[in-house]
Amino acid sequence: MLVNFDEADYSYDKLKSDASELSKQYDSILQCVTIGRSHDNRDIILLKLGLGKKYMICCSGVHGRETINPIVLMRIIEYYADLYVNHKETKQNLKHMLLNSSQHLGAEYEKMLLGACIYELLQTFTILFIPLLNPDGYMISLNGFDSINNPELKSKCLALKLPHQDWKANARGVDINRNFPSRLWKPKNPEDYAASENETQALISVFHHYRSKGFLDFHSRGKQIYYYRKEMINRYNERQLLIANRLIKHTNYELVPPDLEIDPGDSGGNTVHYFSEHFNKPALTIETVDEEASFPLDIANREPTFHELRMVILEFGSLII
Ligand SMILES: [Zn+2]
């Protein structure tokens with residue numbers, strides 16, 4: 001596999017070069033485009049995987065310090081693309097083995113079945129992956145404030161006096177996941193306005209351009225799924241609950257109770273608020289990694305998270321057709 005889980009420091013540059021390599025290697029089904037630029041001038045990348053006419057959106061890296069999901073989504077892209085392009089051959093090989101073997105071929109059969117599901121998924125959907133919406137925040141969290149090239153932005157970040165490993169915001173110190181215009185959005189400072197940030201605008205433009213069937217936003221805080229939207233009608237939330245209950249079968253994550261949708265004293269303006277209110281389609285926040293995990297997150301979380309999310313995305317696709 002090109003996306004290497006053993007690489008300790010998976011930088012923005014490495015993610016970008018992997019994205020470009022993968023889109024060359026799987027050019028029949030994978031396209032890499034830029035959907036915007038961060039405030040410190042990094043590309044925000046969208047990987048379009050599949051040939052389907054329907055769309056679903058998977059985003060991660062909204063919060064800088066949540067460094068596990070971006071590489072996991074990159075690996076899922078590679079894994080799905082590989083299963084897709086090799087599916088017909090895998091099927092042929094299995095047929096040949098079944099007719100010429102006296103052994104039980106359970107593992108080979110399981111691989112073929114999964115390949116068939118991914119093949120169907122990518123014939124039906126084009127999955128729009130945004131593995132790293134906030135590349136500046138991600139680099140601050142990984143390598144410190146020297147990662148910020150613009151001196152004005154750098155001194156603004158330093159003035160906030162936060163340890164770099166705990167950095168969630170973008171390079172202007174704004175939490176992207178409190179910057180989406182929605183009913184529960186509130187200014188934190190008098191000069192704040194919703195959708196003020198480049199990263200927010202990039203995701204909003206993808207939402208409106210593709211009119212997708214559903215949206216998953218991957219974060220990292222305690223293996224939980226946020227499905228409930230108090231600003232949406234019952235029928236919307238019933239469907240959300242149905243989907244969330246199917247997704248937890250693959251993860252053993254917990255559902256966040258409706259009254260904890262927003263922490264006391266916090267405001268809305270999350271990615272999923274915007275998506276659900278504007279399009280009335282399923283949108284869930286999936287929190288990976290244990291609640292007690294400290295930052296920087298241990299890279300040992302990559303492998304188990306990959307095994308959970310590869311099934312979550314497949315299942316989500318089957319539920320929103
Ligand atoms: Zn988060």
# chains A, B, ... in the order shown; residues from 1 in each chain; ligands from 1
>>> closest_atom_pairs(of="chain A", to="ligand 1", cutoff="10 Å", atoms="only C-alpha atoms and all ligand atoms", output="JSON lines")
{"residue": "A:Ser60", "atom": "CA", "partner": "ligand 1", "partner_atom_place_in_ligand_line": "1 (Zn)", "distance": 8.6}
{"residue": "A:Gly61", "atom": "CA", "partner": "ligand 1", "partner_atom_place_in_ligand_line": "1 (Zn)", "distance": 7.7}
{"residue": "A:Val62", "atom": "CA", "partner": "ligand 1", "partner_atom_place_in_ligand_line": "1 (Zn)", "distance": 6.3}
{"residue": "A:His63", "atom": "CA", "partner": "ligand 1", "partner_atom_place_in_ligand_line": "1 (Zn)", "distance": 4.8}
{"residue": "A:Gly64", "atom": "CA", "partner": "ligand 1", "partner_atom_place_in_ligand_line": "1 (Zn)", "distance": 8.1}
{"residue": "A:Arg65", "atom": "CA", "partner": "ligand 1", "partner_atom_place_in_ligand_line": "1 (Zn)", "distance": 8.1}
{"residue": "A:Glu66", "atom": "CA", "partner": "ligand 1", "partner_atom_place_in_ligand_line": "1 (Zn)", "distance": 6.4}
{"residue": "A:Thr67", "atom": "CA", "partner": "ligand 1", "partner_atom_place_in_ligand_line": "1 (Zn)", "distance": 9.9}
{"residue": "A:Lys168", "atom": "CA", "partner": "ligand 1", "partner_atom_place_in_ligand_line": "1 (Zn)", "distance": 7.3}
{"residue": "A:Ala169", "atom": "CA", "partner": "ligand 1", "partner_atom_place_in_ligand_line": "1 (Zn)", "distance": 9.6}
{"residue": "A:Asp175", "atom": "CA", "partner": "ligand 1", "partner_atom_place_in_ligand_line": "1 (Zn)", "distance": 9.3}
{"residue": "A:Ile176", "atom": "CA", "partner": "ligand 1", "partner_atom_place_in_ligand_line": "1 (Zn)", "distance": 9.4}
{"residue": "A:Asn177", "atom": "CA", "partner": "ligand 1", "partner_atom_place_in_ligand_line": "1 (Zn)", "distance": 7.5}
{"residue": "A:Asp217", "atom": "CA", "partner": "ligand 1", "partner_atom_place_in_ligand_line": "1 (Zn)", "distance": 8.9}
{"residue": "A:Phe218", "atom": "CA", "partner": "ligand 1", "partner_atom_place_in_ligand_line": "1 (Zn)", "distance": 7.5}
{"residue": "A:His219", "atom": "CA", "partner": "ligand 1", "partner_atom_place_in_ligand_line": "1 (Zn)", "distance": 4.2}
{"residue": "A:Ser220", "atom": "CA", "partner": "ligand 1", "partner_atom_place_in_ligand_line": "1 (Zn)", "distance": 5.6}
{"residue": "A:Arg221", "atom": "CA", "partner": "ligand 1", "partner_atom_place_in_ligand_line": "1 (Zn)", "distance": 6.8}
{"residue": "A:Asn270", "atom": "CA", "partner": "ligand 1", "partner_atom_place_in_ligand_line": "1 (Zn)", "distance": 9.9}
{"residue": "A:Thr285", "atom": "CA", "partner": "ligand 1", "partner_atom_place_in_ligand_line": "1 (Zn)", "distance": 8.9}
{"residue": "A:Ile286", "atom": "CA", "partner": "ligand 1", "partner_atom_place_in_ligand_line": "1 (Zn)", "distance": 9.3}
{"residue": "A:Glu287", "atom": "CA", "partner": "ligand 1", "partner_atom_place_in_ligand_line": "1 (Zn)", "distance": 7.5}
{"residue": "A:Thr288", "atom": "CA", "partner": "ligand 1", "partner_atom_place_in_ligand_line": "1 (Zn)", "distance": 9.5}
>>> select_by_dssp(residues="stretch 4-175 of chain A", states="strand (DSSP E or B)", output="short mmCIF file (atom, residue, chain, number, x, y, z; two decimals) with N, CA and C atoms, in the first residue's frame")
data_model
loop_
_atom_site.label_atom_id
_atom_site.label_comp_id
_atom_site.auth_asym_id
_atom_site.auth_seq_id
_atom_site.Cartn_x
_atom_site.Cartn_y
_atom_site.Cartn_z
N LEU A 30 -10.37 7.56 -10.00
CA LEU A 30 -10.01 8.53 -8.94
C LEU A 30 -9.45 9.81 -9.54
N GLN A 31 -10.02 10.91 -9.06
CA GLN A 31 -9.60 12.23 -9.54
C GLN A 31 -9.28 13.11 -8.35
N CYS A 32 -8.21 13.88 -8.46
CA CYS A 32 -7.84 14.76 -7.35
C CYS A 32 -7.95 16.22 -7.81
N VAL A 33 -8.72 17.03 -7.10
CA VAL A 33 -8.86 18.45 -7.46
C VAL A 33 -8.68 19.31 -6.20
N THR A 34 -8.43 20.60 -6.43
CA THR A 34 -8.30 21.54 -5.31
C THR A 34 -9.59 22.33 -5.19
N ILE A 35 -10.10 22.43 -3.96
CA ILE A 35 -11.38 23.13 -3.78
C ILE A 35 -11.21 24.47 -3.07
N GLY A 36 -9.98 24.81 -2.72
CA GLY A 36 -9.75 26.09 -2.07
C GLY A 36 -8.35 26.13 -1.50
N ARG A 37 -8.04 27.29 -0.88
CA ARG A 37 -6.72 27.41 -0.24
C ARG A 37 -6.91 27.89 1.19
N ASP A 43 -3.21 24.00 -0.25
CA ASP A 43 -4.36 23.51 -1.02
C ASP A 43 -5.28 22.68 -0.14
N ILE A 44 -6.57 22.86 -0.35
CA ILE A 44 -7.55 21.95 0.27
C ILE A 44 -7.99 21.00 -0.84
N ILE A 45 -7.74 19.72 -0.59
CA ILE A 45 -7.87 18.72 -1.65
C ILE A 45 -9.17 17.94 -1.56
N LEU A 46 -9.75 17.69 -2.73
CA LEU A 46 -10.92 16.81 -2.84
C LEU A 46 -10.54 15.63 -3.72
N LEU A 47 -10.78 14.42 -3.23
CA LEU A 47 -10.55 13.22 -4.04
C LEU A 47 -11.90 12.62 -4.40
N LYS A 48 -12.13 12.49 -5.70
CA LYS A 48 -13.43 11.98 -6.16
C LYS A 48 -13.23 10.54 -6.59
N LEU A 49 -13.85 9.62 -5.83
CA LEU A 49 -13.63 8.20 -6.07
C LEU A 49 -14.93 7.53 -6.53
N LYS A 54 -24.56 9.35 -8.32
CA LYS A 54 -24.95 9.90 -7.01
C LYS A 54 -23.68 10.25 -6.24
N TYR A 55 -23.86 11.16 -5.29
CA TYR A 55 -22.68 11.60 -4.52
C TYR A 55 -22.90 11.41 -3.02
N MET A 56 -21.82 11.10 -2.32
CA MET A 56 -21.81 11.22 -0.86
C MET A 56 -20.49 11.89 -0.47
N ILE A 57 -20.48 12.58 0.65
CA ILE A 57 -19.31 13.36 1.04
C ILE A 57 -18.74 12.84 2.37
N CYS A 58 -17.43 12.63 2.40
CA CYS A 58 -16.73 12.21 3.63
C CYS A 58 -15.60 13.21 3.90
N CYS A 59 -15.66 13.83 5.07
CA CYS A 59 -14.70 14.89 5.38
C CYS A 59 -13.96 14.54 6.68
N SER A 60 -12.69 14.93 6.79
CA SER A 60 -12.00 14.84 8.08
C SER A 60 -10.96 15.95 8.18
N PHE A 125 -22.15 5.32 -6.57
CA PHE A 125 -21.75 6.62 -6.01
C PHE A 125 -20.39 7.07 -6.54
N THR A 126 -20.23 8.37 -6.61
CA THR A 126 -18.90 8.95 -6.57
C THR A 126 -18.75 9.48 -5.14
N ILE A 127 -17.76 8.96 -4.42
CA ILE A 127 -17.56 9.43 -3.04
C ILE A 127 -16.60 10.60 -3.07
N LEU A 128 -17.02 11.69 -2.45
CA LEU A 128 -16.20 12.90 -2.43
C LEU A 128 -15.47 12.94 -1.10
N PHE A 129 -14.18 12.65 -1.13
CA PHE A 129 -13.38 12.62 0.10
C PHE A 129 -12.62 13.93 0.25
N ILE A 130 -12.80 14.57 1.39
CA ILE A 130 -11.96 15.73 1.74
C ILE A 130 -11.20 15.30 3.00
#
>>> residues_around(residues="A:Ser276", least_positions_apart="2", cutoff="12 Å", atoms="only C-alpha atoms", output="MDAnalysis selection string")
chainID A and resid 180:183 207 211:216 227:233 236:237 239:240 269:274 278:285
>>> write_last_selection(atoms="C-alpha atoms", output="short mmCIF file (atom, residue, chain, number, x, y, z; two decimals), in the first residue's frame")
data_model
loop_
_atom_site.label_atom_id
_atom_site.label_comp_id
_atom_site.auth_asym_id
_atom_site.auth_seq_id
_atom_site.Cartn_x
_atom_site.Cartn_y
_atom_site.Cartn_z
CA PHE A 180 -20.90 27.32 9.44
CA PRO A 181 -24.01 29.47 9.09
CA SER A 182 -26.86 27.64 10.81
CA ARG A 183 -29.67 28.33 13.27
CA PHE A 207 -21.96 20.90 -0.65
CA ARG A 211 -25.97 18.04 -4.11
CA SER A 212 -25.03 14.77 -2.42
CA LYS A 213 -27.23 12.12 -0.79
CA GLY A 214 -25.43 12.31 2.55
CA PHE A 215 -22.49 13.60 4.53
CA LEU A 216 -20.13 12.10 7.12
CA TYR A 227 -26.95 11.99 14.92
CA TYR A 228 -29.56 14.22 16.63
CA ARG A 229 -30.34 17.72 15.31
CA LYS A 230 -32.65 19.68 17.55
CA GLU A 231 -33.34 22.21 14.78
CA MET A 232 -34.64 19.52 12.41
CA ILE A 233 -38.08 17.87 12.34
CA TYR A 236 -35.34 13.79 9.85
CA ASN A 237 -34.09 12.64 13.26
CA ARG A 239 -33.93 8.57 9.79
CA GLN A 240 -30.70 9.77 11.37
CA GLY A 269 -22.38 26.21 13.41
CA ASN A 270 -21.02 22.73 12.78
CA THR A 271 -20.51 21.26 9.31
CA VAL A 272 -23.41 18.85 9.87
CA HIS A 273 -25.76 21.65 10.99
CA TYR A 274 -25.22 23.48 7.72
CA HIS A 278 -29.71 23.29 3.74
CA PHE A 279 -30.28 19.91 2.10
CA ASN A 280 -32.44 17.91 4.54
CA LYS A 281 -30.29 14.84 3.90
CA PRO A 282 -28.48 12.56 6.40
CA ALA A 283 -25.40 14.09 8.04
CA LEU A 284 -23.56 12.52 10.97
CA THR A 285 -20.50 13.39 13.01
#
>>> atom_distance(atom1="atom CA of A:Thr305", atom2="atom CA of A:Val72")
7.0 Å
>>> atom_distance(atom1="atom CA of A:Leu255", atom2="atom CA of A:Leu319")
17.5 Å
>>> atom_distance(atom1="atom CA of A:Leu314", atom2="atom CA of A:Leu51")
15.2 Å
